[in-house]
Structure formats: C-alpha cells, structure tokens
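Let me begin by presenting the structure, written as structure tokens, before commenting on it.
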2 protein chains.
Amino acid sequence: MPNQLDMIKGRRSIRRYEEKDIPEQDLQQVLESIQWSPSWANTQCWEVVVIKNPGQKEKLQATLNDTNPAKKAVIQSPVVLALCGKTKSAGYYKSQASTKFGDWLMFDLGIAAQSICLTAHDLGLGTVIVGMFDQDKAKGILGVGHEYELVALIPMGYPAKEASAPKRREIGEFTHYNQFNVRK
Amino acid sequence: MPNQLDMIKGRRSIRRYEEKDIPEQDLQQVLESIQWSPSWANTQCWEVVVIKNPGQKEKLQATLNDTNPAKKAVIQSPVVLALCGKTKSAGYYKSQASTKFGDWLMFDLGIAAQSICLTAHDLGLGTVIVGMFDQDKAKGILGVGHEYELVALIPMGYPAKEASAPKRREIGEFTHYNQFNVRK
C-alpha cells in the first residue's frame, strides 16, 4: 500500500462500475472501517444499511434528481451503503447540546464516510458520496426509525473507468498561521 | 505502511505529547491531506489555522472546560490545527440549501478531520479531535471572519504514551440489510 497521503490523493469519486460483485470479506472490511472511526466522546452514532436488492436500489434512485451525476451509480453499483446516524447523541451531554452546532451527527458521519471511501479504495473499489437527494423519502423506503437521520448514500463497486481529479484550492489559499488571514 | 483498515484501526486519540517539534514537511503532508479530501460538489469549504504560538494556544485553551480531557493537549502539543469552514457553501446551490440538513460544512469538515488524523498517524503523530469548547470565543481569538465557523481544534504531536482504544459497537449492531432493522 502507498502511504496514507498517497491513498487519500489517489481516491476518486467513481460513478460508473463494472458488473461485478464485491467479495463479502471486502464489504466486512469497509464496515469495520466505520467501527474504528473516531466519534464525539465515542458515541458511535452511525447506522448503515447495506443495499444489494435491485428493487430497493431502484426506489432509492428515484429520490435523486435526474440531473444528479451519481443517478446511474445507485443502480449500477453492486452495493449501496445508506449512512445513517442516531440523533441527539454526538454533541450532546445529558440530552443537552454541548456546542452551538447542536447535533454533531453530520461531523461524525463525515469522518465515517472518509473511512469508507479510503478503505474501499485500498480494496480496488470505487465510491461516491451522494448527499443531494430526498433524505426523508429515502428514510421511508428503508424504514429508518424517526430518531435517526439518513444523511448520505454511498454506491460502491469496481470502477468501470478512471476518473480525473477535480481542481483543488492551493494549500496556501486555505492555510492561516496563528491568526486568520495571516499567511506564513 | 499497513493496509488502510489497519491504519484506521491503529489511530488513537492522543492527549499527551513529547516536547518535540513537527518537521515542516510533515505538517505540509497533513495540510495536503485536507486538500485532497472529497467535499460537497468539490466546494472545499475548509480553512485551517495552524497554531504554534504559545500565547495563542494559551488563549485557546481557556475556551475548554476544565473537565475536558484534552485541556492539557492544547498547550502541550507543538501544533494545534483549528478546523474552520466557510458557511453556505457545502450543501448549497445558488444560495439555497439543497437538503433538509442545510449546511454540509460539518459533514465535509468531518471528512477532512479523518484525513488529518490518519495522515498524522502514518507520520507517527498523534491527534485528538476537540469539539467541546466555546467556538465563538475561539473564533474571536483567532480573528476568524463572520462568514466562517470554527468547528474543531486538533492538537497534534508525538505521542508521549500509548492510548488504549475505547470499546466499539459490534458491526452487527449497526449494520442493516436492505431495510432498517433487518439483520442478515
């Protein structure tokens, strides 16, 4: 394996997949990468629905706009992960929000999403994080309980073609030293 | 380097550090891992303040409660990263929130936080994600602009002692198949 930075730099968002199943042990590794992600006070609010059923994938696909570039991916990928989280857990202490941001579910699921994408990439699997869809409709399709949120869909499979990397901001553009807007 | 899953499993939250600086090229690698993280429609809303100045660290430390187990880490670590994000960028399209979750800044900064922690770990550096502090006071100390949020502080340094891993939920406990609450 290349070093961690090269692994992060090598990951791409993949939206076209080969017709090829994911070995069960590889799927388990991806799930294990969620399990070992850090979380707010180790609250581990994550819940994951593994979707292989074509009927369920078709229903989920209908929650995306036709203009979404990941629309085909939801059907074409052998596995779609629905990343959910229990509300009022991360960021809470004794039922009270601890910070101005309220629920840290989004932050902790972001951490878990990167674990998923990197572990999949190391196994030769492509992923794309889909956030733009009707989350409440998707919750209904999957029967997600009301005390949970379904945040992202992550199609996963063997990449059918190489994807190019979108342009990135320069490090010097987003980095400040000791004080905001102070550059080195 | 071990495989990606082992890297994720080997990362610990580190709250005690050696008195030893971080080489500049290692810090740059950590910043590069943010640059190559995925983000909502490649919006890259992240901004990072690199804090080495002892006076700034002391002021930041005062924004944590005395009971916070990471309180000493903010002073002891050679570098603290303040992870900020531009608001109304991730999750927005033409100034309108695209989903029920409004701003996806928390999600995208969660992704970036995991990139930081993993890349640091690969370089022999320990980190801890601190989310429980007075974010608005910290914003004032660092002069973060009003169209940004300061979400997390990430102290970083060479671990002074090994940390044990907190207990994790079983994979079978958080995984569902095709439908919520359907176990394999």
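Simple scheme: letters A, B, ... for chains in structure tokens order, numbers from 1 for residues in each chain, numbers from 1 for ligands in the order shown.
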
Kindly assemble as CSV a list of the chain B residues that lie within 7 Å of chain A, each paired with its nearest atom pair and their distance in Å to one decimal, using only C-alpha atoms, sorted first by chain and then by ascending residue number.
residue,atom,partner,partner_atom,distance
B:Met1,CA,A:Asn3,CA,6.1
B:Asn3,CA,A:Met1,CA,6.0
B:Gln4,CA,A:Thr119,CA,5.5
B:Leu5,CA,A:Ser33,CA,5.8
B:Ile8,CA,A:Trp36,CA,6.3
B:Lys9,CA,A:Trp36,CA,5.4
B:Gln29,CA,A:Leu5,CA,6.9
B:Leu31,CA,A:Ile171,CA,6.7
B:Glu32,CA,A:Ile171,CA,6.7
B:Ser33,CA,A:Leu5,CA,5.8
B:Gln35,CA,A:Arg168,CA,6.5
B:Trp36,CA,A:Lys9,CA,5.4
B:Ser37,CA,A:Ile8,CA,6.8
B:Trp46,CA,A:Phe174,CA,6.7
B:Glu47,CA,A:Phe174,CA,4.6
B:Val48,CA,A:Thr175,CA,4.9
B:Val49,CA,A:His176,CA,4.5
B:Val50,CA,A:Tyr177,CA,4.9
B:Ile51,CA,A:Asn178,CA,4.4
B:Lys52,CA,A:Asn178,CA,6.6
B:Asn53,CA,A:Asn178,CA,6.3
B:Gln56,CA,A:Asn178,CA,6.8
B:Ser98,CA,A:Met132,CA,6.7
B:Thr99,CA,A:Met132,CA,6.5
B:Met106,CA,A:Phe107,CA,4.7
B:Phe107,CA,A:Gly110,CA,4.4
B:Asp108,CA,A:Gly110,CA,6.0
B:Leu109,CA,A:Phe107,CA,6.6
B:Gly110,CA,A:Gly110,CA,4.4
B:Ile111,CA,A:Gly110,CA,4.6
B:Ala113,CA,A:Ile111,CA,6.7
B:Gln114,CA,A:Ile111,CA,5.2
B:Leu118,CA,A:Gln4,CA,6.9
B:Thr119,CA,A:Gln4,CA,5.5
B:Asp122,CA,A:Gln4,CA,6.2
B:Met132,CA,A:Thr99,CA,6.5
B:Leu142,CA,A:Gln179,CA,4.7
B:Gly143,CA,A:Phe180,CA,5.4
B:Val144,CA,A:Phe180,CA,5.3
B:Arg168,CA,A:Gln35,CA,6.5
B:Arg169,CA,A:Gln35,CA,6.9
B:Ile171,CA,A:Gln35,CA,6.6
B:Phe174,CA,A:Glu47,CA,4.6
B:Thr175,CA,A:Val48,CA,4.9
B:His176,CA,A:Val49,CA,4.5
B:Tyr177,CA,A:Val50,CA,4.9
B:Asn178,CA,A:Ile51,CA,4.4
B:Gln179,CA,A:Leu142,CA,4.7
B:Phe180,CA,A:Val144,CA,5.3

**OP:** Any chance you could list, as a VMD selection string, the residues in region 65-172 of chain B that come up strand (DSSP E) when DSSP is run on the backbone?
**Re:** chain B and resid 79 to 86 92 to 93 96 to 97 126 to 127 148 to 157

**OP:** Could you give me, as a PyMOL selection string, each residue of chain B that DSSP assigns to helix (DSSP H, G or I) when run on this structure's backbone?
**Re:** chain B and resi 4-10+24-35+40-42+54-61+71-76+105-122+135-142+171-174

Please, could you write that set of residues out with C-alpha atoms as a short mmCIF file (atom, residue, chain, number, x, y, z; two decimals), in the first residue's frame?
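Below you can see again-v2.cif, which holds the result:
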data_model
loop_
_atom_site.label_atom_id
_atom_site.label_comp_id
_atom_site.auth_asym_id
_atom_site.auth_seq_id
_atom_site.Cartn_x
_atom_site.Cartn_y
_atom_site.Cartn_z
CA GLN B 4 -5.89 1.20 5.04
CA LEU B 5 -8.09 -0.65 7.50
CA ASP B 6 -5.14 -1.34 9.83
CA MET B 7 -4.22 2.34 9.63
CA ILE B 8 -7.75 3.29 10.67
CA LYS B 9 -7.75 0.69 13.45
CA GLY B 10 -4.33 1.81 14.70
CA GLU B 24 7.71 21.28 8.36
CA GLN B 25 7.35 18.72 5.55
CA ASP B 26 5.19 16.51 7.79
CA LEU B 27 2.90 19.43 8.60
CA GLN B 28 2.66 20.11 4.86
CA GLN B 29 1.63 16.48 4.25
CA VAL B 30 -1.15 16.84 6.80
CA LEU B 31 -2.35 20.02 5.08
CA GLU B 32 -2.17 18.24 1.72
CA SER B 33 -4.44 15.51 3.08
CA ILE B 34 -7.11 18.15 3.65
CA GLN B 35 -6.63 19.48 0.14
CA TRP B 40 -19.81 18.56 -1.47
CA ALA B 41 -19.65 19.28 -5.23
CA ASN B 42 -15.93 19.97 -4.70
CA PRO B 54 2.28 29.60 22.82
CA GLY B 55 0.26 32.73 23.63
CA GLN B 56 -2.44 31.82 21.14
CA LYS B 57 -2.54 28.25 22.44
CA GLU B 58 -2.97 29.50 25.98
CA LYS B 59 -5.89 31.71 24.99
CA LEU B 60 -7.48 28.87 23.06
CA GLN B 61 -7.06 26.53 25.99
CA LYS B 71 -7.37 20.52 28.00
CA LYS B 72 -3.65 19.93 28.51
CA ALA B 73 -3.23 18.78 24.92
CA VAL B 74 -3.93 22.24 23.54
CA ILE B 75 -0.84 23.61 25.36
CA GLN B 76 1.39 20.55 25.23
CA LEU B 105 -19.93 22.19 6.44
CA MET B 106 -19.95 19.84 9.45
CA PHE B 107 -20.01 16.77 7.20
CA ASP B 108 -17.19 17.99 4.97
CA LEU B 109 -15.06 19.06 7.93
CA GLY B 110 -15.61 15.59 9.44
CA ILE B 111 -14.17 14.09 6.25
CA ALA B 112 -11.18 16.45 6.43
CA ALA B 113 -10.67 15.68 10.14
CA GLN B 114 -10.32 11.96 9.41
CA SER B 115 -7.82 12.76 6.62
CA ILE B 116 -5.80 14.81 9.11
CA CYS B 117 -5.84 12.17 11.86
CA LEU B 118 -4.91 9.31 9.52
CA THR B 119 -2.12 11.17 7.74
CA ALA B 120 -0.70 12.32 11.07
CA HIS B 121 -0.87 8.77 12.41
CA ASP B 122 1.04 7.46 9.37
CA GLN B 135 -16.29 28.01 19.38
CA ASP B 136 -17.29 31.66 19.22
CA LYS B 137 -14.67 32.71 21.79
CA ALA B 138 -12.07 30.74 19.83
CA LYS B 139 -13.20 32.46 16.62
CA GLY B 140 -12.60 35.81 18.31
CA ILE B 141 -9.12 34.80 19.49
CA LEU B 142 -8.08 33.72 16.00
CA ILE B 171 -20.58 -4.37 13.27
CA GLY B 172 -23.73 -6.50 13.52
CA GLU B 173 -25.21 -3.95 15.89
CA PHE B 174 -25.04 -1.02 13.46
#

Original post:
Near Asp21 (chain A), within 10 Å and counting only C-alpha atoms, which residues show up once chain neighbours fewer than 4 positions away are dropped, as a list in words?
Top reply: Lys52, Ser77, Pro78, Val79, Met156, Gly157 and Tyr158 of chain A

Keeping N, CA, C and O atoms for every residue in the selection just given, could you write it to a file as a PDB file, in the first residue's frame?
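Result file is result-v7.pdb:
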ATOM      1  N   LYS A  52     -28.308  -4.276  -1.461  1.00  0.00           N
ATOM      2  CA  LYS A  52     -27.920  -5.037  -2.656  1.00  0.00           C
ATOM      3  C   LYS A  52     -29.158  -5.334  -3.495  1.00  0.00           C
ATOM      4  O   LYS A  52     -29.066  -5.610  -4.680  1.00  0.00           O
ATOM      5  N   SER A  77     -24.093   0.157  -9.197  1.00  0.00           N
ATOM      6  CA  SER A  77     -23.148  -0.368  -8.209  1.00  0.00           C
ATOM      7  C   SER A  77     -23.721  -1.623  -7.561  1.00  0.00           C
ATOM      8  O   SER A  77     -24.915  -1.702  -7.304  1.00  0.00           O
ATOM      9  N   PRO A  78     -22.878  -2.608  -7.277  1.00  0.00           N
ATOM     10  CA  PRO A  78     -23.378  -3.833  -6.642  1.00  0.00           C
ATOM     11  C   PRO A  78     -23.886  -3.606  -5.213  1.00  0.00           C
ATOM     12  O   PRO A  78     -24.773  -4.304  -4.752  1.00  0.00           O
ATOM     13  N   VAL A  79     -23.315  -2.603  -4.548  1.00  0.00           N
ATOM     14  CA  VAL A  79     -23.710  -2.317  -3.158  1.00  0.00           C
ATOM     15  C   VAL A  79     -23.879  -0.807  -2.983  1.00  0.00           C
ATOM     16  O   VAL A  79     -23.034  -0.027  -3.426  1.00  0.00           O
ATOM     17  N   MET A 156     -20.962   1.728  -4.244  1.00  0.00           N
ATOM     18  CA  MET A 156     -19.611   1.153  -4.151  1.00  0.00           C
ATOM     19  C   MET A 156     -19.489   0.009  -5.140  1.00  0.00           C
ATOM     20  O   MET A 156     -20.405  -0.826  -5.228  1.00  0.00           O
ATOM     21  N   GLY A 157     -18.383  -0.032  -5.879  1.00  0.00           N
ATOM     22  CA  GLY A 157     -18.167  -1.129  -6.820  1.00  0.00           C
ATOM     23  C   GLY A 157     -16.846  -0.965  -7.540  1.00  0.00           C
ATOM     24  O   GLY A 157     -16.110   0.012  -7.303  1.00  0.00           O
ATOM     25  N   TYR A 158     -16.532  -1.917  -8.428  1.00  0.00           N
ATOM     26  CA  TYR A 158     -15.280  -1.826  -9.176  1.00  0.00           C
ATOM     27  C   TYR A 158     -15.414  -0.759 -10.258  1.00  0.00           C
ATOM     28  O   TYR A 158     -16.356  -0.813 -11.058  1.00  0.00           O
TER      29      TYR A 158
END

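CA of Asn68 (chain A) is found 26.5 Å from CA of His146 (chain A).
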
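Reported to one decimal place, the separation of CA of Thr63 (chain A) from CA of Arg15 (chain A) is 16.7 Å.
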
**OP:** Can you work out the spacing between CA of Tyr17 (chain B) and CA of Asn65 (chain B) in Å, to one decimal?
**Re:** 19.9 Å
